[in-house]
Structure formats: C-alpha cells, structure tokens
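> What follows is a structure written as structure tokens; I'll ask about it next.
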Amino acid sequence: MEKYKHHIVETGGHTFHIVSAGQEDGELVLLLHGFPEFWYGFRHQINALARAGYRVIVPDQRGYNQSDKPKDIKAYTLDVLRDDCVAFIKAFGRKQAYLIGHDWGGAVAWHLAASKPEVVKKLVAINIPHPADMRVALKKHPLQLFRSAYMLFFQVPHAPEKLLAARDFAYLEAGMTKTANERAFTKAELRHYKLAWRQPGALKGMLNWYRAIRFQGVDRKTEIDLPVSVPTRIIWGANDLFLSKALAQASLKRCSNGDAVLVDGATHWLHHEHPEIVNHLMLEHLQKQKKRLWPV
C-alpha cells in the first residue's frame with residue numbers, strides 16, 4: 001500500500017482535509033468522492049494512480065469527515081463545490097488536473113469540466129451522468145424519479161439525520177451493502193465509514209448536498225446545461241440500482257471527445273467491486289485517448 005500524506009488546506013474561509021500520494025512532481029489527479037463516502041472510498045484508485053507516477057489528491061469534500069461543514073445550504077451548490085476543486089488544484093501548485101469523480105463527486109467533476117475546461121486535462125465520470133441529464137431524467141422519466149425517491153426524503157429537515165444515525169447507521173450501511181454486489185464492503189471497511197459519519201455535523205453536511213439542489217440555477221448564475229469539450233470517459237456499472245445506464249448514453253452525447261464503457265455485472269459501487277477493471281480503464285484514458293463504441 002502506498003503511503004498517504006494528510007494535509008489541511010484553507011480556502012474560502014474553510015478548511016479541508018486532503019489525502020495525497022504519489023510522486024510530488026507527477027501530473028496531478030484530483031479524485032472526488034460521492035455520497036456517503038469520503039476520501040477512503042477511492043483507496044484502490046489512489047494506489048494504482050500513485051504507482052503509475054501521478055500526484056494524487058483526494059479531499060474530504062465540504063460537509064464530509066474531517067473537512068468543514070458549513071450550516072448554510074447554499075454553501076453546497078455546484079458552483080461552490082466546483083470552486084473548491086479549483087482551489088485544491090491551486091493549493092498543490094498546479095493550473096490543471098486530471099479529474100475523476102464518482103456519484104456526487106462526479107456531478108461536481110462534470111460541472112467543473114463543462115464550465116471551466118481550462119482547468120481540466122481529462123475527465124473520468126464513474127456512474128454519474130452530466131447534471132443536466134440528471135435533471136431531465138427526474139422531470140421526464142417516472143422510473144428514474146422512483147429510483148431517486150430518497151432524494152425527496154432528504155429535503156425534509158432533521159428527520160433524515162435521525163434516521164441515518166439510528167441503530168449505528170444501519171440505514172446508511174444498508175444503502176451501500178444492499179445495493180452492491182456481495183462482499184463489496186467488508187465489516188472492517190464499514191467501520192471506517194462509520195467513524196467518518198460520526199464526525200460532528202457530518203450527516204447534516206452530507207445531506208445538504210441534496211438540499212442545495214433547489215438552489216441550482218435559481219439566480220441563473222449556475223448554468224449546468226453545458227457541453228463538455230475535454231477528453232471524457234464514462235465508466236458505468238450496468239446493474240446500478242440508483243441510475244439508469246440510459247443516462248450514460250445521454251451524457252456521452254454532450255461530449256465532443258468522449259467514450260463510454262459499460263461494465264457488466266457491476267453496480268453503482270463498481271470501483272469497490274471491480275477495482276482492477278476501473279483502474280485499467282481509468283489509466284488507459286489518462287495515458288491515451290482510445291475511442292470505444294458504446295456499449296463495451
């Protein structure tokens with residue numbers, strides 16, 4: 001296992017915990033986790049990227065684990081989350097980075113690549129569509145709305161925090177283990193997650209990502225319906241119970257230089273279930289742009 005370094009980065013009046021690995025002079029790769037993970041969720045990818053010579057940084061994004069957890073819901077809009085990432089890249093002395101995101105982290109990655117392409121060398125999106133396609137799906141496709149019904153519950157104040165914390169985070173644990181392939185998460189690994197979820201204010205901070213959805217684009221400053229020009233690879237677990245693979249196809253149409261790979265037998269948590277496959281596809285994309293046809 002690679003040796004991790006832990007950093008505290010201050011930006012925008014907040015402090016962020018960031019883990020780094022790999023060669024300090026290597027090309028920068030920024031990994032962005034989703035809900036309800038934290039930096040630890042990318043441990044298999046951190047090591048593979050570090051061994052390949054990259055400088056890898058993985059933040060606990062705002063609201064998570066050891067990073068700051070603002071109380072204002074508007075502090076979790078896509079523009080704010082995107083600007084955090086720009087600050088992380090600058091904090092490590094770079095102007096650009098390769099960008100890899102899963103779930104909510106992937107939504108931030110899409111938005112950064114679309115709205116500030118000069119900062120992103122290449123993008124890898126893992127089981128997350130372009131934010132504009134997610135918005136369309138929720139409005140027009142009842143099945144996707146059904147799959148995402150938990151997002152509506154998360155809008156309720158206070159009650160979701162109590163439910164998620166109950167019985168030693170049983171609901172959160174089941175949300176991962178019952179939607180993943182068997183043995184995707186070990187009991188030892190889940191203990192790491194529970195430590196992160198126990199951090200003061202963490203559950204509210206994590207849920208505020210969902211609650212901030214209602215503020216997206218309200219003042220027209222956040223434009224999410226943007227094409228993506230940077231080289232992009234979408235990696236998608238075919239058996240995702242949360243998100244339809246049709247969203248990957250729709251998102252690919254927004255990319256002027258992109259491809260998509262469908263991984264049979266994998267779920268939303270494919271970077272845990274099949275790290276060797278994900279790491280191969282990820283490194284192949286970063287090191288060269290090899291076109292693939294959908295599906296593979």
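Residues are named by chain letter and number: chains run A, B, ... in the order of the structure tokens, numbers start at 1 in each chain, and ligands are numbered from 1 in the order shown.
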So that I can see what lies close to region 273-279 of chain A, please list as a PyMOL selection string the residues with an atom at most 9 Å from it, counting only C-alpha atoms and leaving out residues fewer than 3 positions away in the same chain.
chain A and resi 44-45+48-49+126+180-185+235+263+266-267+269-270+282-284
> Please provide as a PyMOL selection string all residues within 9 Å of Ser251 (chain A), with the sequence filter that same-chain residues fewer than 3 positions apart are discarded (counting only C-alpha atoms).
chain A and resi 129-133+234+246-248+254-255
> Might you pull out every residue within 9 Å of region 6-9 of chain A, with only C-alpha atoms counted and same-chain residues fewer than 3 positions away left off, and present them as a PyMOL selection string?
chain A and resi 14-20+67+88+91
> Could the residues in this selection be saved with N, CA and C atoms as a PDB file, in the first residue's frame?

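Listing of part.pdb after writing:
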```pdb
ATOM      1  N   HIS A  14     -12.744  28.315   4.710  1.00  0.00           N
ATOM      2  CA  HIS A  14     -12.985  26.973   5.240  1.00  0.00           C
ATOM      3  C   HIS A  14     -11.710  26.146   5.184  1.00  0.00           C
ATOM      4  N   THR A  15     -11.655  25.102   6.015  1.00  0.00           N
ATOM      5  CA  THR A  15     -10.521  24.184   5.991  1.00  0.00           C
ATOM      6  C   THR A  15     -10.975  22.835   5.453  1.00  0.00           C
ATOM      7  N   PHE A  16     -10.092  22.210   4.692  1.00  0.00           N
ATOM      8  CA  PHE A  16     -10.392  20.934   4.055  1.00  0.00           C
ATOM      9  C   PHE A  16      -9.278  19.938   4.357  1.00  0.00           C
ATOM     10  N   HIS A  17      -9.693  18.715   4.633  1.00  0.00           N
ATOM     11  CA  HIS A  17      -8.745  17.624   4.811  1.00  0.00           C
ATOM     12  C   HIS A  17      -8.535  16.958   3.460  1.00  0.00           C
ATOM     13  N   ILE A  18      -7.273  16.838   3.043  1.00  0.00           N
ATOM     14  CA  ILE A  18      -6.935  16.247   1.749  1.00  0.00           C
ATOM     15  C   ILE A  18      -5.841  15.210   1.935  1.00  0.00           C
ATOM     16  N   VAL A  19      -6.028  14.060   1.333  1.00  0.00           N
ATOM     17  CA  VAL A  19      -5.033  12.994   1.339  1.00  0.00           C
ATOM     18  C   VAL A  19      -4.281  13.036   0.013  1.00  0.00           C
ATOM     19  N   SER A  20      -2.964  12.856   0.060  1.00  0.00           N
ATOM     20  CA  SER A  20      -2.172  12.836  -1.168  1.00  0.00           C
ATOM     21  C   SER A  20      -1.293  11.596  -1.190  1.00  0.00           C
ATOM     22  N   SER A  67     -13.362  17.579   6.884  1.00  0.00           N
ATOM     23  CA  SER A  67     -13.425  18.915   6.287  1.00  0.00           C
ATOM     24  C   SER A  67     -14.539  19.733   6.943  1.00  0.00           C
ATOM     25  N   PHE A  88      -8.297  23.600  -4.675  1.00  0.00           N
ATOM     26  CA  PHE A  88      -7.439  22.457  -4.341  1.00  0.00           C
ATOM     27  C   PHE A  88      -6.297  22.333  -5.342  1.00  0.00           C
ATOM     28  N   ALA A  91      -3.826  24.980  -4.678  1.00  0.00           N
ATOM     29  CA  ALA A  91      -3.120  24.757  -3.414  1.00  0.00           C
ATOM     30  C   ALA A  91      -1.954  23.798  -3.573  1.00  0.00           C
TER      31      ALA A  91
END
```
> Do you know which residues are at most 12 Å from Pro117 (chain A) counting only C-alpha atoms, after dropping those on the same chain fewer than 3 positions away, and could you put them as a ChimeraX atom specification?
/A:82,86,95-99,109-114,120-123,226-232
> Near region 161-167 of chain A, counting only C-alpha atoms, which residues have an atom at most 12 Å away, once you skip same-chain residues fewer than 4 positions from it, shown as a list in words?
Pro36, Tyr150, Phe153, Phe154, Gln155, Val156, Pro157, Tyr171, Leu172, Glu173, Ala174, Gly175, Lys194, Leu195, Ala196, Trp197, Arg198, Gln199, Pro200, Gly201, Ala202, Leu203, Lys204, Gly205, Met206, Leu207 and Asn208 of chain A
> I need the residues in region 103-285 of chain A that are strand (DSSP E or B) according to DSSP; give them as a list in words.
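Here is the list: Val120, Lys121, Lys122, Leu123, Val124, Ala125, Ile126, Val228, Thr232, Arg233, Ile234, Ile235, Trp236, Gly237, Cys255, Gly258, Asp259, Ala260, Val261, Leu262 and Val263 of chain A.
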> Those selected residues, please, written with C-alpha atoms and delivered as a PDB file, in the first residue's frame.

```pdb
ATOM      1  CA  VAL A 120      -9.258  20.050 -16.553  1.00  0.00           C
ATOM      2  CA  LYS A 121      -6.923  17.894 -18.668  1.00  0.00           C
ATOM      3  CA  LYS A 122      -9.246  14.880 -18.889  1.00  0.00           C
ATOM      4  CA  LEU A 123     -12.382  13.696 -17.119  1.00  0.00           C
ATOM      5  CA  VAL A 124     -13.437  10.270 -15.857  1.00  0.00           C
ATOM      6  CA  ALA A 125     -17.041  10.059 -14.626  1.00  0.00           C
ATOM      7  CA  ILE A 126     -17.966   6.882 -12.728  1.00  0.00           C
ATOM      8  CA  VAL A 228     -18.040  19.093 -22.393  1.00  0.00           C
ATOM      9  CA  THR A 232     -14.014  12.307 -21.270  1.00  0.00           C
ATOM     10  CA  ARG A 233     -14.544   8.676 -20.342  1.00  0.00           C
ATOM     11  CA  ILE A 234     -17.742   7.468 -18.691  1.00  0.00           C
ATOM     12  CA  ILE A 235     -17.426   4.196 -16.748  1.00  0.00           C
ATOM     13  CA  TRP A 236     -20.774   2.681 -15.775  1.00  0.00           C
ATOM     14  CA  GLY A 237     -21.815  -0.366 -13.752  1.00  0.00           C
ATOM     15  CA  CYS A 255     -19.128  15.246 -25.046  1.00  0.00           C
ATOM     16  CA  GLY A 258     -15.725  11.135 -25.211  1.00  0.00           C
ATOM     17  CA  ASP A 259     -16.354   7.439 -24.879  1.00  0.00           C
ATOM     18  CA  ALA A 260     -18.270   5.179 -22.511  1.00  0.00           C
ATOM     19  CA  VAL A 261     -17.631   1.732 -21.099  1.00  0.00           C
ATOM     20  CA  LEU A 262     -20.400  -0.411 -19.634  1.00  0.00           C
ATOM     21  CA  VAL A 263     -19.158  -2.906 -17.035  1.00  0.00           C
TER      22      VAL A 263
END
```
> Using CA of Ala21 (chain A) and CA of Tyr4 (chain A) as the two end points, give the distance in Å to one decimal.
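CA of Tyr4 (chain A) lies at a distance of 5.2 Å from CA of Ala21 (chain A).
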> What are the DSSP helix (DSSP H, G or I) residues of region 27-271 of chain A, as a PyMOL selection string?
chain A and resi 39-51+73-76+78-91+104-115+117-119+131-140+142-147+149-153+159-177+187-197+202-215+246-252+270-271
> Please provide the set of residues having any atom within 10 Å of Tyr54 (chain A), restricted to only C-alpha atoms, with same-chain residues fewer than 4 positions apart removed, written as a PyMOL selection string.
chain A and resi 21-29+46-50+98
> So how far away is CA of Lys3 (chain A) from CA of Ala87 (chain A), in Å?
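That distance, rounded to one decimal, is 23.8 Å.
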> Which residue is closest to Tyr210 (chain A)? Choose from A:Ile73, A:Val80, A:Thr179, A:Ser244 and count only C-alpha atoms.
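Among A:Ile73, A:Val80, A:Thr179, A:Ser244, it is A:Ile73 that comes nearest to Tyr210 (chain A).
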